[in-house]
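Asks: Have a look at this one before I ask anything.
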Amino acid sequence: MKSLPSLNALRAFQYAGNFLSFTLAAKELNVTQGAVSRQIKHLEDFLGLALFVRQHQQLKLTRSGERLLTKLDTGFNLISDAVAELKAPNQRQKLYILSAPTFSTRWLVPKLPVFKSQFSQLTLCIHNHQEREFLYDAEIRFGNGPKPRYSSELLQLENHIAVCAPDLLMRAQNLENEIDSLLHITHKGRRLPTWKNWLNAAELNLNIEEDSNQGMEFNTLDQVITATKNGAGFAIIDKNMIFNELSDGSLMKFHGLEYEGEYGYWLDIHPDKKGLSKVLHFSQFLNLVHY
């Protein structure tokens, strides 16, 4: 058998590498910071390589450290998975997912019968809000780029269309008079430039300031959809989220342009969860229902 370093040293390095903090690694492992530091020093001595460097009082992995961390994340996850399956082979596993609220309600939940039929051994638990210090098996996030230190996969970009309630179709022909009836969505405290980008793509000359007080704003897309259905105004909405409303006529397009936005929904997997069979099953399910 090949000579291996201490498993405790490898585990200490894995936690410190993922957190980029000896303090957080020590807290997670229930040991002292000094113990983590010593384990990593032993590992570096064994390998003859530096695994961390300090830059501006911040911990950073060396290239060798990044390579080792990737392998260890996969290896420890496979071990954990194998032990769980042997310990309780007939016990259903819980799969904890953190999902953007509108995506889970309007896209994910309607497709759950497919998940249940394909992966009956898993119990899916969907949360819409982050619980403090809880590490989810996977996250579906609204954003415009990958999440640092996570394995991120773009599921879909928004496909924007202009819609309103049927009673407002005539008014939509004079949109320049309806600035106060435009419905906006906010993200991280700021209005998204959804209207501005769509108007530019449609070559419509409406002067909309993102920081103005005109119109109404909401912090979830689901709220925008509900307000639009009830005749509160006009909205640019992701077509993927309103198939039912377009089918039953409660929302109607008032312009032919469909515009792909810069934001979308990402599947994020923490390094500690990468390689687990239940996470791989969930990723497989998402690909199945997308294509």
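Simple scheme: letters A, B, ... for chains in structure tokens order, numbers from 1 for residues in each chain, numbers from 1 for ligands in the order shown.
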Write out as JSON lines a residue-level contact list of segment 37-120 of chain A versus segment 8-19 of chain A with cut-off 12 Å: for each qualifying residue the closest pair of atoms and the distance in Å to one decimal, counting only C-alpha atoms, rows sorted by chain and residue number upward.

Replies:
{"residue": "A:Ser37", "atom": "CA", "partner": "A:Ala12", "partner_atom": "CA", "distance": 8.4}
{"residue": "A:Arg38", "atom": "CA", "partner": "A:Ala9", "partner_atom": "CA", "distance": 8.4}
{"residue": "A:Gln39", "atom": "CA", "partner": "A:Ala9", "partner_atom": "CA", "distance": 4.6}
{"residue": "A:Ile40", "atom": "CA", "partner": "A:Phe13", "partner_atom": "CA", "distance": 5.8}
{"residue": "A:Lys41", "atom": "CA", "partner": "A:Ala9", "partner_atom": "CA", "distance": 8.6}
{"residue": "A:His42", "atom": "CA", "partner": "A:Ala9", "partner_atom": "CA", "distance": 7.2}
{"residue": "A:Leu43", "atom": "CA", "partner": "A:Ala9", "partner_atom": "CA", "distance": 6.0}
{"residue": "A:Glu44", "atom": "CA", "partner": "A:Ala9", "partner_atom": "CA", "distance": 9.5}
{"residue": "A:Asp45", "atom": "CA", "partner": "A:Ala9", "partner_atom": "CA", "distance": 11.1}
{"residue": "A:Phe46", "atom": "CA", "partner": "A:Ala9", "partner_atom": "CA", "distance": 10.2}
{"residue": "A:Leu47", "atom": "CA", "partner": "A:Leu10", "partner_atom": "CA", "distance": 11.4}
{"residue": "A:Ala50", "atom": "CA", "partner": "A:Phe13", "partner_atom": "CA", "distance": 11.7}
{"residue": "A:Leu51", "atom": "CA", "partner": "A:Phe13", "partner_atom": "CA", "distance": 8.6}
{"residue": "A:Phe52", "atom": "CA", "partner": "A:Gly17", "partner_atom": "CA", "distance": 8.3}
{"residue": "A:Val53", "atom": "CA", "partner": "A:Gly17", "partner_atom": "CA", "distance": 11.3}
{"residue": "A:Gln58", "atom": "CA", "partner": "A:Phe19", "partner_atom": "CA", "distance": 11.4}
{"residue": "A:Leu59", "atom": "CA", "partner": "A:Gly17", "partner_atom": "CA", "distance": 8.8}
{"residue": "A:Lys60", "atom": "CA", "partner": "A:Gly17", "partner_atom": "CA", "distance": 8.2}
{"residue": "A:Leu61", "atom": "CA", "partner": "A:Gly17", "partner_atom": "CA", "distance": 6.8}
{"residue": "A:Thr62", "atom": "CA", "partner": "A:Gly17", "partner_atom": "CA", "distance": 10.1}
{"residue": "A:Arg63", "atom": "CA", "partner": "A:Gly17", "partner_atom": "CA", "distance": 11.8}
{"residue": "A:Ser64", "atom": "CA", "partner": "A:Gly17", "partner_atom": "CA", "distance": 11.5}
{"residue": "A:Gly65", "atom": "CA", "partner": "A:Gly17", "partner_atom": "CA", "distance": 7.7}
{"residue": "A:Glu66", "atom": "CA", "partner": "A:Gly17", "partner_atom": "CA", "distance": 8.0}
{"residue": "A:Arg67", "atom": "CA", "partner": "A:Gly17", "partner_atom": "CA", "distance": 10.8}
{"residue": "A:Leu68", "atom": "CA", "partner": "A:Gln14", "partner_atom": "CA", "distance": 8.6}
{"residue": "A:Leu69", "atom": "CA", "partner": "A:Gln14", "partner_atom": "CA", "distance": 5.9}
{"residue": "A:Thr70", "atom": "CA", "partner": "A:Gln14", "partner_atom": "CA", "distance": 8.9}
{"residue": "A:Lys71", "atom": "CA", "partner": "A:Gln14", "partner_atom": "CA", "distance": 9.7}
{"residue": "A:Leu72", "atom": "CA", "partner": "A:Gln14", "partner_atom": "CA", "distance": 6.7}
{"residue": "A:Asp73", "atom": "CA", "partner": "A:Gln14", "partner_atom": "CA", "distance": 7.0}
{"residue": "A:Thr74", "atom": "CA", "partner": "A:Gln14", "partner_atom": "CA", "distance": 10.6}
{"residue": "A:Gly75", "atom": "CA", "partner": "A:Gln14", "partner_atom": "CA", "distance": 10.6}
{"residue": "A:Phe76", "atom": "CA", "partner": "A:Arg11", "partner_atom": "CA", "distance": 8.4}
{"residue": "A:Asn77", "atom": "CA", "partner": "A:Gln14", "partner_atom": "CA", "distance": 11.3}

Asks: Write out as a PyMOL selection string all residues of segment 43-94 of chain A that DSSP puts in alpha helix (DSSP H) for this structure's backbone.

Replies: chain A and resi 43-47+63-87

Asks: Compile the contact shell of segment 272-286 of chain A as number ranges by chain: residues with an atom at most 10 Å away, counting only C-alpha atoms, same-chain residues fewer than 2 positions apart removed.

Replies: A: 14-15, 18, 70, 72-82, 85, 93-97, 108, 111-112, 114-116, 118-119, 121-124, 135-138, 150-151, 153, 155, 267-270, 288-291

Asks: May I have the residues within 7 Å of segment 249-264 of chain A as a short mmCIF file (atom, residue, chain, number, x, y, z; two decimals) with N, CA, C and O atoms, in the first residue's frame, using only C-alpha atoms and disregarding those fewer than 6 positions away in the same chain?

Replies:
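That gives us part-v3.cif:
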data_model
loop_
_atom_site.label_atom_id
_atom_site.label_comp_id
_atom_site.auth_asym_id
_atom_site.auth_seq_id
_atom_site.Cartn_x
_atom_site.Cartn_y
_atom_site.Cartn_z
N PHE A 142 -30.73 32.71 -8.41
CA PHE A 142 -30.93 33.71 -9.45
C PHE A 142 -29.70 34.61 -9.49
O PHE A 142 -29.30 35.18 -8.48
N GLY A 143 -29.07 34.72 -10.65
CA GLY A 143 -27.87 35.55 -10.73
C GLY A 143 -27.37 35.68 -12.15
O GLY A 143 -28.00 35.22 -13.10
N ASN A 144 -26.21 36.31 -12.28
CA ASN A 144 -25.65 36.54 -13.62
C ASN A 144 -24.23 36.01 -13.76
O ASN A 144 -23.47 36.46 -14.61
N GLN A 156 -30.70 28.01 -16.99
CA GLN A 156 -31.39 28.73 -18.07
C GLN A 156 -31.32 30.23 -17.82
O GLN A 156 -31.32 30.69 -16.68
N LEU A 157 -31.22 30.98 -18.91
CA LEU A 157 -31.31 32.43 -18.83
C LEU A 157 -32.78 32.83 -18.94
O LEU A 157 -33.60 32.09 -19.47
N GLU A 158 -33.09 34.01 -18.42
CA GLU A 158 -34.44 34.52 -18.55
C GLU A 158 -34.75 34.84 -20.02
O GLU A 158 -33.90 35.32 -20.75
N ASN A 159 -35.97 34.57 -20.43
CA ASN A 159 -36.45 34.89 -21.78
C ASN A 159 -37.57 35.92 -21.63
O ASN A 159 -38.72 35.57 -21.39
N HIS A 160 -37.22 37.18 -21.76
CA HIS A 160 -38.13 38.27 -21.42
C HIS A 160 -39.15 38.57 -22.51
O HIS A 160 -38.80 38.67 -23.69
N ILE A 161 -40.40 38.72 -22.08
CA ILE A 161 -41.47 39.17 -22.97
C ILE A 161 -42.27 40.25 -22.25
O ILE A 161 -42.28 40.32 -21.01
N ALA A 162 -42.94 41.10 -23.04
CA ALA A 162 -43.75 42.18 -22.47
C ALA A 162 -45.19 41.71 -22.36
O ALA A 162 -45.79 41.28 -23.34
N VAL A 163 -45.76 41.79 -21.15
CA VAL A 163 -47.11 41.27 -20.93
C VAL A 163 -47.95 42.23 -20.09
O VAL A 163 -47.43 43.11 -19.39
N CYS A 164 -49.24 42.01 -20.16
CA CYS A 164 -50.19 42.74 -19.33
C CYS A 164 -51.48 41.93 -19.24
O CYS A 164 -51.63 40.91 -19.92
N ALA A 165 -52.40 42.38 -18.42
CA ALA A 165 -53.71 41.75 -18.35
C ALA A 165 -54.49 42.10 -19.62
O ALA A 165 -54.24 43.14 -20.25
N PRO A 166 -55.44 41.25 -20.03
CA PRO A 166 -56.18 41.50 -21.28
C PRO A 166 -56.82 42.89 -21.34
O PRO A 166 -56.85 43.51 -22.41
N LEU A 169 -54.59 45.81 -22.88
CA LEU A 169 -53.95 45.67 -24.19
C LEU A 169 -53.99 46.96 -25.01
O LEU A 169 -53.00 47.34 -25.66
N ALA A 172 -51.50 49.51 -23.86
CA ALA A 172 -50.11 49.15 -24.13
C ALA A 172 -49.61 49.71 -25.44
O ALA A 172 -48.40 49.82 -25.67
N TRP A 198 -34.91 45.73 -22.34
CA TRP A 198 -35.93 45.27 -23.28
C TRP A 198 -36.32 46.39 -24.24
O TRP A 198 -36.46 46.17 -25.45
N ALA A 202 -36.09 46.45 -28.23
CA ALA A 202 -37.30 46.67 -29.03
C ALA A 202 -37.25 47.97 -29.81
O ALA A 202 -38.18 48.26 -30.59
N LYS A 229 -51.25 40.23 -13.47
CA LYS A 229 -52.51 39.51 -13.74
C LYS A 229 -53.70 40.30 -13.23
O LYS A 229 -54.79 40.24 -13.82
#

Asks: Of the candidates A:Val83, A:Ala227, A:Cys125, A:Ile140, which shows the shortest atom-to-atom distance to Ser152 of chain A, using only C-alpha atoms?

Replies: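 Once distances to Ser152 of chain A are computed over only C-alpha atoms, the minimum belongs to A:Ile140.
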
Asks: Write out as a PyMOL selection string the residues lying within 7 Å of Phe218 of chain A, counting only C-alpha atoms and excluding same-chain residues fewer than 5 positions away.

Replies: chain A and resi 184-186+223-224

Asks: Taking C-alpha atoms for each residue, export the selection above as a short mmCIF file (atom, residue, chain, number, x, y, z; two decimals), in the first residue's frame.

Replies:
data_model
loop_
_atom_site.label_atom_id
_atom_site.label_comp_id
_atom_site.auth_asym_id
_atom_site.auth_seq_id
_atom_site.Cartn_x
_atom_site.Cartn_y
_atom_site.Cartn_z
CA HIS A 184 -40.21 46.61 -11.77
CA ILE A 185 -38.40 43.84 -9.92
CA THR A 186 -35.58 44.50 -7.46
CA GLN A 223 -45.25 39.31 -6.92
CA VAL A 224 -44.78 41.01 -10.30
#

Asks: Separation of atom CA of Leu154 of chain A and atom CA of Ser99 of chain A, in Å?

Replies: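 A separation of 13.8 Å between them.
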
Asks: Closest to Leu175 of chain A among A:Phe243, A:Trp266, A:Phe234, A:Phe103, using only C-alpha atoms?

Replies: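 Residue with the minimum atom-to-atom distance to Leu175 of chain A: A:Phe234.
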
Asks: Quick one: pick out all strand (DSSP E or B) residues within segment 148-287 of chain A from a backbone DSSP run and write them as a ChimeraX atom specification.

Replies: /A:151-164,182-187,190-191,216-218,234-238,252-253,259-269

Asks: Of the candidates A:Gln173, A:Glu139, A:Pro101, A:Ile126, which one gets nearest to Leu204 of chain A if we count only C-alpha atoms?

Replies: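 Ranked by minimum distance to Leu204 of chain A, first place goes to A:Gln173.
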